[in-house]
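Visitor: Okay, handing you the structure first.
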Amino acid sequence: MLKRLSPLFASCALAICLTGCAVTSATTSENGANLAATDETLFEDDNVLILLASEQEANELTINVSRRGYQLIDRQFLESLDLILLDFARPPGISDEVAVNDMQMMSPSALVGLDNIYKAQAKMDVVSGVSGREYANLLLEWPEQGCPAMTSVGIIDGYLSEQMSGLNASQIVSHDFARRNSIESEHAETVASLISGPGRLRDVMIYSAGVVGQSENGQSGSGTKELLLAFDWLRKQDVRVVNVSLAGPYNPLLESVVDLLVADGMVIVAAVGNEGPDAPPRYPAAFDGVIAVTAIDADQNVFGRAVQGDHVEYAAPGVDVLIHTGQESGRYVSGTSFAAPFVTALIAADESRSFEADTESVRSYLQRNVFDLGQAGPDPVFGHGLVRAANVCAVDPNEVPS
């Protein structure tokens with residue numbers, strides 16, 4: 001069981017943006033990826049989230065804030081974290097700042113944030129005649145026959161069907177956390193394909209936490225509560241390696257949960273985000289305990305919309321990466337969220353099982369084969385450089401394609 005939440009006194013408006021993938025638009029990035037602005041009015045929920053370690057304090061807070069017009073919408077016990085999550089609707093006319101201050105004043109040991117909405121759309125172009133464009137595995141030096149998975153893998157993304165085809169004899173266990181109108185996610189399917197598609201990880205158990213729902217006008221998005229529930233569920237499944245396609249501003253709730261999970265042995269790989277090189281650091285990638293991944297193209301140029309900064313650790317293919325959809329067709333995807341799965345797969349294939357130690361052991365493992373890009377040494381564009389899979393797994397001669 002994880003340690004109880006320490007009394008951190010913080011507050012912020014929680015607005016996590018699902019910007020790890022490229023989105024469609026009329027504008028074009030430096031490497032040709034089309035992008036679009038996000039719609040901030042996806043849902044009308046305007047709630048306040050509270051994390052508490054004490055049941056008594058949770059009960060007292062609920063009584064006290066109800067007298068001020070707040071309504072308890074949901075109460076969840078995050079079993080693996082030993083925390084209580086409260087979700088309150090605030091009275092009309094109460095600002096973000098007043099709502100957060102009300103909660104913090106009545107429960108100083110609580111972590112308080114707003115359950116804001118985040119969303120994104122993937123840029124995926126269906127094409128024909130796809131031969132000759134499959135550079136990702138070659139750039140990574142990934143074995144042609146793929147590698148057996150040494151551990152299960154978690155995915156926090158859209159909903160992934162347990163009957164998804166095209167994986168290397170892998171199994172999927174899905175849980176839907178979306179607040180409404182959950183749909184099967186092509187974005188999540190792409191992430192799963194990059195982890196366990198042909199020639200990649202074999203026989204991997206994938207635990208998929210779906211956090212993205214759809215509004216009445218067809219826009220997709222998620223709230224912060226879904227992220228916290230997803231992390232808790234993955235911890236209960238004893239998942240050690242988790243791939244996250246989310247990026248957004250700093251917040252204390254997410255930081256506390258990530259810190260607890262990393263301290264307990266979870267390895268979290270996250271996309272640095274697609275808000276551009278001048279954007280501030282995006283989270284969870286920028287948390288110290290998270291492995292932050294940026295995207296590069298076939299010529300080892302950085303993705304034009306990738307966030308940059310000292311928190312960037314590694315680079316992987318993420319621009320015009322080919323996903324096969326049939327014998328004569330496929331789709332190209334771009335974005336930092338499509339680079340992160342390559343690093344996740346590399347970690348899950350590690351026969352030394354560095355992921356059973358801690359995140360620092362995993363970083364040491366990745367560092368052994370990294371290829372420096374950009375200026376010498378770590379830099380804010382490529383981090384330590386391109387991860388590579390040389391000798392990542394033993395080659396069985398009987399499995400090498402003829």
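All residue names refer to the structure tokens as shown: chains lettered A, B, ... in order, residues numbered from 1 in each chain, ligands numbered from 1 in order.
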Please provide the set of residues having any atom within 8 Å of A:Val48, restricted to only C-alpha atoms, with same-chain residues fewer than 4 positions apart removed, written as a list in words.
Guide: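 The neighbour list is Asp87, Phe88, Ala89, Arg90, Ala99, Val100, Val112, Gly113, Leu114 and Asp115 of chain A.
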Visitor: If you run DSSP on the backbone, which residues of stretch 307-379 of chain A are alpha helix (DSSP H), as a PDB file with C-alpha atoms, in the first residue's frame?
Guide:
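Here's the written file result_34.pdb:
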```
ATOM      1  CA  ALA A 340       6.117   7.887 -26.592  1.00  0.00           C
ATOM      2  CA  PRO A 341       4.816   4.331 -27.369  1.00  0.00           C
ATOM      3  CA  PHE A 342       8.151   3.395 -28.974  1.00  0.00           C
ATOM      4  CA  VAL A 343       9.938   4.205 -25.711  1.00  0.00           C
ATOM      5  CA  THR A 344       7.266   2.366 -23.733  1.00  0.00           C
ATOM      6  CA  ALA A 345       7.751  -0.744 -25.898  1.00  0.00           C
ATOM      7  CA  LEU A 346      11.520  -0.526 -25.520  1.00  0.00           C
ATOM      8  CA  ILE A 347      11.205  -0.459 -21.725  1.00  0.00           C
ATOM      9  CA  ALA A 348       8.713  -3.344 -21.679  1.00  0.00           C
ATOM     10  CA  THR A 359      12.528   4.939 -12.967  1.00  0.00           C
ATOM     11  CA  GLU A 360      16.200   5.804 -12.512  1.00  0.00           C
ATOM     12  CA  SER A 361      17.149   2.212 -13.402  1.00  0.00           C
ATOM     13  CA  VAL A 362      15.027   2.502 -16.543  1.00  0.00           C
ATOM     14  CA  ARG A 363      16.759   5.760 -17.454  1.00  0.00           C
ATOM     15  CA  SER A 364      20.145   4.053 -17.067  1.00  0.00           C
ATOM     16  CA  TYR A 365      18.932   1.244 -19.328  1.00  0.00           C
ATOM     17  CA  LEU A 366      17.750   3.664 -22.030  1.00  0.00           C
ATOM     18  CA  GLN A 367      20.972   5.651 -21.762  1.00  0.00           C
TER      19      GLN A 367
END
```
Visitor: Taking only C-alpha atoms into account, name the residue in A:Asp203, A:Asp297, A:Asp320, A:Asp310 that is nearest to A:Cys147.
Guide: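 Ranking A:Asp203, A:Asp297, A:Asp320, A:Asp310 by distance to A:Cys147, first place goes to A:Asp203.
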Visitor: Would you tabulate, counting only C-alpha atoms, all residues of stretch 138-164 of chain A that have an atom at most 12 Å from an atom of stretch 352-355 of chain A, showing the closest pair of atoms and their distance in Å to one decimal, sorted by chain then ascending number, as a tab-separated table?
Guide:
```
residue	atom	partner	partner_atom	distance
A:Ala149	CA	A:Arg353	CA	10.3
A:Met150	CA	A:Arg353	CA	7.1
A:Thr151	CA	A:Arg353	CA	8.3
A:Ser152	CA	A:Phe355	CA	10.7
A:Val153	CA	A:Phe355	CA	11.1
```
Visitor: Considering only C-alpha atoms, return as number ranges by chain whatever protein or nucleic-acid residues lie within 9 Å of A:Gly374, sequence-local ones (same chain, fewer than 5 positions apart) excluded.
Guide: A: 301, 379, 381-383, 385
Visitor: To one decimal in Å, tell me the separation between atom CA of A:Asp238 and atom CA of A:Asp259.
Guide: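 Taking atom CA of A:Asp238 and atom CA of A:Asp259, their separation equals 16.3 Å.
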Visitor: Hey, what does DSSP flag as strand (DSSP E or B) within stretch 66-157 of chain A? Can you give it to me as number ranges by chain?
Guide: A: 71-78, 83-89, 111-114, 117-118, 124-128, 147-148, 153-157
Visitor: What's around A:Ala285 at 6 Å? Count only C-alpha atoms, leave out sequence neighbours fewer than 3 positions away in its own chain, and write the answer as a list of chain:residue names.
Guide: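 Counting only the stated atoms, we get A:Ala270, A:Val272, A:Val290, A:Ala292.
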Visitor: So that I have them on file, write out the residues from the current selection with N, CA and C atoms, as an mmCIF file, in the first residue's frame.
Guide:
```
data_model
loop_
_atom_site.group_PDB
_atom_site.id
_atom_site.type_symbol
_atom_site.label_atom_id
_atom_site.label_comp_id
_atom_site.auth_asym_id
_atom_site.auth_seq_id
_atom_site.Cartn_x
_atom_site.Cartn_y
_atom_site.Cartn_z
ATOM 1 N N ALA A 270 5.602 9.693 -20.952
ATOM 2 C CA ALA A 270 4.605 10.659 -21.405
ATOM 3 C C ALA A 270 5.121 11.507 -22.557
ATOM 4 N N VAL A 272 5.705 14.917 -24.573
ATOM 5 C CA VAL A 272 6.003 16.273 -24.108
ATOM 6 C C VAL A 272 4.945 17.271 -24.542
ATOM 7 N N VAL A 290 8.768 11.359 -14.348
ATOM 8 C CA VAL A 290 8.182 10.876 -15.602
ATOM 9 C C VAL A 290 9.209 10.953 -16.729
ATOM 10 N N ALA A 292 10.017 11.820 -20.277
ATOM 11 C CA ALA A 292 9.407 12.727 -21.251
ATOM 12 C C ALA A 292 9.976 12.474 -22.642
#
```
Visitor: Restricting the calculation to only C-alpha atoms, which member of A:Gln56, A:Gln145, A:Ser208, A:Gln71 is positioned closest to A:Gln171?
Guide: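 Going through A:Gln56, A:Gln145, A:Ser208, A:Gln71 one by one, the smallest distance to A:Gln171 is for A:Ser208.
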Visitor: With only C-alpha atoms as the counted atoms, please give the residues lying no more than 9 Å from stretch 60-66 of chain A, apart from itself and same-chain residues fewer than 6 positions off, as a PDB file with C-alpha atoms, in the first residue's frame.
Guide:
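Ended up saving to out-v3.pdb:
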```pdb
ATOM      1  CA  LEU A  72     -21.345  16.575  -3.768  1.00  0.00           C
ATOM      2  CA  LEU A  86     -14.442  14.256  -3.778  1.00  0.00           C
ATOM      3  CA  PHE A  88     -18.228  19.036  -5.962  1.00  0.00           C
ATOM      4  CA  ASP A 102     -13.316  27.942  -0.030  1.00  0.00           C
ATOM      5  CA  MET A 103     -12.233  24.305  -0.108  1.00  0.00           C
ATOM      6  CA  MET A 106     -12.189  24.498   5.195  1.00  0.00           C
ATOM      7  CA  SER A 107      -9.700  21.651   4.742  1.00  0.00           C
TER       8      SER A 107
END
```
Visitor: Env of A:Gly199: 9 Å cut, atoms = only C-alpha atoms, seq-sep filter 5 positions within chain, self excluded. Answer as a PDB file with N, CA and C atoms, in the first residue's frame.
Guide:
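Result file part-v1.pdb:
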```pdb
ATOM      1  N   ASN A 137      11.147   1.658 -37.394  1.00  0.00           N
ATOM      2  CA  ASN A 137      11.886   0.530 -36.823  1.00  0.00           C
ATOM      3  C   ASN A 137      13.363   0.568 -37.206  1.00  0.00           C
ATOM      4  N   TRP A 142      15.248  -1.473 -34.180  1.00  0.00           N
ATOM      5  CA  TRP A 142      14.371  -2.453 -33.534  1.00  0.00           C
ATOM      6  C   TRP A 142      14.470  -3.782 -34.274  1.00  0.00           C
ATOM      7  N   PRO A 143      14.592  -4.925 -33.568  1.00  0.00           N
ATOM      8  CA  PRO A 143      14.726  -6.219 -34.242  1.00  0.00           C
ATOM      9  C   PRO A 143      13.552  -6.507 -35.166  1.00  0.00           C
ATOM     10  N   GLU A 144      13.849  -7.012 -36.350  1.00  0.00           N
ATOM     11  CA  GLU A 144      12.815  -7.249 -37.349  1.00  0.00           C
ATOM     12  C   GLU A 144      11.750  -8.199 -36.852  1.00  0.00           C
ATOM     13  N   GLN A 145      12.147  -9.185 -36.040  1.00  0.00           N
ATOM     14  CA  GLN A 145      11.183 -10.163 -35.552  1.00  0.00           C
ATOM     15  C   GLN A 145      10.433  -9.683 -34.316  1.00  0.00           C
ATOM     16  N   GLY A 146      10.762  -8.498 -33.840  1.00  0.00           N
ATOM     17  CA  GLY A 146      10.116  -7.993 -32.639  1.00  0.00           C
ATOM     18  C   GLY A 146      10.720  -8.588 -31.379  1.00  0.00           C
ATOM     19  N   CYS A 147      10.123  -8.280 -30.251  1.00  0.00           N
ATOM     20  CA  CYS A 147      10.616  -8.753 -28.957  1.00  0.00           C
ATOM     21  C   CYS A 147       9.466  -9.239 -28.093  1.00  0.00           C
ATOM     22  N   ASN A 168       0.262  -8.484 -31.871  1.00  0.00           N
ATOM     23  CA  ASN A 168       1.084  -9.693 -31.868  1.00  0.00           C
ATOM     24  C   ASN A 168       0.681 -10.639 -30.738  1.00  0.00           C
TER      25      ASN A 168
END
```
Visitor: Calculate how many Å separate atom CA of A:Glu255 from atom CA of A:Phe287, rounding to one decimal.
Guide: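 Between atom CA of A:Glu255 and atom CA of A:Phe287 the gap is 7.1 Å.
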Visitor: Find the residues around A:Ser161 up to 12 Å (only C-alpha atoms counted), leave out those fewer than 3 positions away in its own chain, and share them as a PyMOL selection string.
Guide: chain A and resi 157-158+164-165+171-176+182-189+192+206-210
Visitor: Generate a file of the selected residues that holds N, CA and C atoms, formatted as an mmCIF file, in the first residue's frame.
Guide:
```cif
data_model
loop_
_atom_site.group_PDB
_atom_site.id
_atom_site.type_symbol
_atom_site.label_atom_id
_atom_site.label_comp_id
_atom_site.auth_asym_id
_atom_site.auth_seq_id
_atom_site.Cartn_x
_atom_site.Cartn_y
_atom_site.Cartn_z
ATOM 1 N N ASP A 157 -5.642 6.735 -22.445
ATOM 2 C CA ASP A 157 -5.959 7.299 -23.758
ATOM 3 C C ASP A 157 -7.466 7.214 -23.929
ATOM 4 N N GLY A 158 -7.931 7.073 -25.191
ATOM 5 C CA GLY A 158 -9.325 6.790 -25.445
ATOM 6 C C GLY A 158 -9.635 5.336 -25.167
ATOM 7 N N MET A 164 -9.652 -5.731 -30.329
ATOM 8 C CA MET A 164 -8.848 -5.098 -31.371
ATOM 9 C C MET A 164 -7.962 -6.127 -32.063
ATOM 10 N N SER A 165 -7.948 -6.095 -33.370
ATOM 11 C CA SER A 165 -7.144 -7.038 -34.150
ATOM 12 C C SER A 165 -5.817 -6.400 -34.530
ATOM 13 N N GLN A 171 -3.026 -9.468 -25.468
ATOM 14 C CA GLN A 171 -4.351 -9.418 -24.877
ATOM 15 C C GLN A 171 -4.621 -8.011 -24.357
ATOM 16 N N ILE A 172 -5.874 -7.609 -24.387
ATOM 17 C CA ILE A 172 -6.266 -6.285 -23.932
ATOM 18 C C ILE A 172 -7.309 -6.403 -22.836
ATOM 19 N N VAL A 173 -7.100 -5.691 -21.752
ATOM 20 C CA VAL A 173 -8.101 -5.534 -20.694
ATOM 21 C C VAL A 173 -8.423 -4.048 -20.627
ATOM 22 N N SER A 174 -9.684 -3.703 -20.895
ATOM 23 C CA SER A 174 -10.067 -2.291 -20.968
ATOM 24 C C SER A 174 -11.007 -1.912 -19.834
ATOM 25 N N HIS A 175 -10.884 -0.673 -19.388
ATOM 26 C CA HIS A 175 -11.822 -0.102 -18.429
ATOM 27 C C HIS A 175 -12.168 1.303 -18.899
ATOM 28 N N ASP A 176 -13.457 1.592 -18.924
ATOM 29 C CA ASP A 176 -13.928 2.867 -19.454
ATOM 30 C C ASP A 176 -14.194 3.836 -18.300
ATOM 31 N N SER A 182 -18.729 7.379 -24.330
ATOM 32 C CA SER A 182 -17.435 6.806 -24.686
ATOM 33 C C SER A 182 -17.528 6.123 -26.049
ATOM 34 N N ILE A 183 -16.494 6.275 -26.855
ATOM 35 C CA ILE A 183 -16.442 5.630 -28.154
ATOM 36 C C ILE A 183 -15.079 4.960 -28.317
ATOM 37 N N GLU A 184 -15.039 3.952 -29.175
ATOM 38 C CA GLU A 184 -13.762 3.321 -29.459
ATOM 39 C C GLU A 184 -12.851 4.341 -30.139
ATOM 40 N N SER A 185 -11.599 4.395 -29.703
ATOM 41 C CA SER A 185 -10.695 5.470 -30.092
ATOM 42 C C SER A 185 -9.668 4.998 -31.112
ATOM 43 N N GLU A 186 -9.656 5.642 -32.275
ATOM 44 C CA GLU A 186 -8.635 5.348 -33.269
ATOM 45 C C GLU A 186 -7.260 5.765 -32.758
ATOM 46 N N HIS A 187 -7.232 6.835 -31.955
ATOM 47 C CA HIS A 187 -5.968 7.281 -31.369
ATOM 48 C C HIS A 187 -5.402 6.203 -30.454
ATOM 49 N N ALA A 188 -6.245 5.636 -29.588
ATOM 50 C CA ALA A 188 -5.789 4.568 -28.688
ATOM 51 C C ALA A 188 -5.359 3.339 -29.466
ATOM 52 N N GLU A 189 -6.079 3.021 -30.538
ATOM 53 C CA GLU A 189 -5.702 1.880 -31.371
ATOM 54 C C GLU A 189 -4.318 2.103 -31.986
ATOM 55 N N ALA A 192 -1.700 1.537 -29.304
ATOM 56 C CA ALA A 192 -1.555 0.098 -29.065
ATOM 57 C C ALA A 192 -0.787 -0.565 -30.197
ATOM 58 N N ILE A 206 -2.037 -5.727 -22.347
ATOM 59 C CA ILE A 206 -2.257 -4.292 -22.371
ATOM 60 C C ILE A 206 -3.466 -3.947 -21.506
ATOM 61 N N TYR A 207 -3.255 -3.090 -20.535
ATOM 62 C CA TYR A 207 -4.343 -2.578 -19.706
ATOM 63 C C TYR A 207 -4.663 -1.170 -20.197
ATOM 64 N N SER A 208 -5.848 -1.023 -20.769
ATOM 65 C CA SER A 208 -6.225 0.241 -21.392
ATOM 66 C C SER A 208 -7.231 0.979 -20.509
ATOM 67 N N ALA A 209 -6.855 2.170 -20.047
ATOM 68 C CA ALA A 209 -7.745 3.027 -19.277
ATOM 69 C C ALA A 209 -8.281 4.104 -20.198
ATOM 70 N N GLY A 210 -9.544 3.989 -20.594
ATOM 71 C CA GLY A 210 -10.151 4.953 -21.491
ATOM 72 C C GLY A 210 -10.691 6.146 -20.714
#
```
Visitor: Between A:Gln375, A:Arg75, A:Tyr70, A:Ala390, which residue has the minimum interatomic distance to A:Glu55, considering only C-alpha atoms?
Guide: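 The closest residue to A:Glu55 is A:Arg75.
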Visitor: My list of candidates is A:Ala247, A:Ala315, A:Ile94, A:Val302. Which is closest to A:Ala279 when distances are computed with only C-alpha atoms?
Guide: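 So, comparing all the options, the nearest one is A:Ala247.
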Visitor: From the set A:Ile156, A:Ala376, A:Pro198, A:Tyr283, which residue has the shortest atom-to-atom contact distance to A:Ser170, counting only C-alpha atoms?
Guide: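 The closest residue to A:Ser170 is A:Pro198.
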Visitor: Find, counting only C-alpha atoms, the residue in A:Gly154, A:Pro277, A:Pro380, A:Gly330 that gets nearest to A:Val204.
Guide: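 Counting only C-alpha atoms, the residue closest to A:Val204 is A:Gly154.
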